[in-house]
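Before any comments, here is the structure.
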Amino acid sequence: MSIKFVHLTRNNIRALEPGQSISEHGIQAARLSNSDIRYAVNIMIDGQRVHRTIGRESEGVTRTQAEEFISSARNKVREGRLDLPSNRKISLSFSSAADDYIVRLNETGGKNIEKKSQHIKDHLKPFFRNQPLDKLTDFTVGRYSKRRSESGAKAGTINRELATLSHLMSKALEWKWIKSKPCKISRLREGPGRIFAMSDEQCQALIEAAMADQDSDLWLFVLVGLNTAMRHREILRIRFDQINFDALRIHVPEAKSGERSQPITRELAEILVRERLMRDDESGFVFPARRKSGQPHRYDFTDSFRRAVKRAGLDTKTVTPHTMRHTAITKLVQAGVDIPTIQRISGHKTIQMVMRYTHVHAPHIDAALNHLSYKPNSDTITQELHNDDGQRAKR
């Protein structure tokens, strides 16, 4: 259990005078009259007050034992085994499960935590509240979708919230908070949506802005994105030892649609070779973590990318790291590359997903129609051909 303490620090505990105490995150440290420190826990779990004296410092008890007790108590509540005065099993409420879900994601380096937290705080918790997690039904989830739709939310927005709900359920099952998934979470049908692609001039402006940024890795991130159509997360996980510079391929072991091989241009391969020669670790991550953390590679480029977009004079709401992927795929479509080949480059799971990029008003569509420009020879058109049948019958 990883808790950040501001007040209940070891220095503050040592500075306590007899009769003084400090409480934080449900843990209390109190200096007794004999100068010993007593640790106690006072927390609410699923509406139940849990108050325990953990022990004294002279007995070898520290703040860590109090943290471990809280973690253990929450797990036992989920499993219905906590020995509370009511002597009854407690169903884990959605609200409590959602809170613990976010805590665990932070502890284990989960993805898109900020967005998931927003979905839970703004929409999921206000709707499901304290309903038992293992008692949610298809009807209840369907009612949530209907309520959100009636409030004006688009299908894509609702589906992202449902994706958070689905992930919470999967993790609850993995962590043994529930014995099985209680309901099916059906997504809404979405329209094709609008796909924005940058022009060549905008791409060049973005590259130059990235090279001028204080983030020394941003320029390479932008070049990889524009030259491969790879997803943001895929780029962050690239390792030098997974690049075949002769075959011009990057092995992507954890892509969205499964393991795959990503083609790259010879120009990009040459840039990556030069970059590798300047690294201390020639086999490690192309974008290693900048500070010590549980993750060995960069978490994202969102902030620095936004700075470069502003510097390039582009709209930060329209141009995101994923826009580079849209741009690269659109360029391939406009160049007349066949759809299966584009799918091989983009890593899309289905051809239907690539078809979204075949814009009806794209220039390559107009150019293709020029091949169908048939017309009759001018000398074959006569006035008689334009007279109606009745007039010809009178002649």
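Convention: chains lettered A, B, ... in structure tokens order; per-chain residue numbering from 1; ligands numbered from 1 as shown.
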
Residues within 7 Å of Leu188 (chain A), only C-alpha atoms, excluding chain neighbours under 2 positions, as JSON, numbers by chain:
{"A": [155, 159, 186, 190]}

Any chance you could tabulate, as a tab-separated table, the residues of region 150-262 of chain A at most 6 Å from region 316-328 of chain A with each one's nearest atom pair and distance in Å to one decimal, using only C-alpha atoms, in chain and rising number order?
residue	atom	partner	partner_atom	distance
A:Ala197	CA	A:Thr327	CA	4.2
A:Met198	CA	A:Thr327	CA	5.7
A:Gly225	CA	A:Met324	CA	5.6
A:Leu226	CA	A:Met324	CA	5.2
A:Ala229	CA	A:Arg325	CA	4.1

Could you pull the residues within 10 Å of Arg31 (chain A), counting only C-alpha atoms, minus those fewer than 5 positions along the same chain, as a list in words?
Ile13, Arg14, Ala15, Leu16, Glu17, Pro18, Gly19, Gln20, Ser21, Ile22, Asp36, Ile37, Arg38, Tyr39, Arg56 and Glu57 of chain A

Pick from A:Asn227, A:Asp215, A:His167, A:Ser261 nearest to Gly110 (chain A), counting only C-alpha atoms:
A:His167

Enumerate as a count of residues only all residues of region 172-352 of chain A assigned to helix (DSSP H, G or I) by DSSP on the backbone, naming them with the chain letters and numbers the document uses.
80
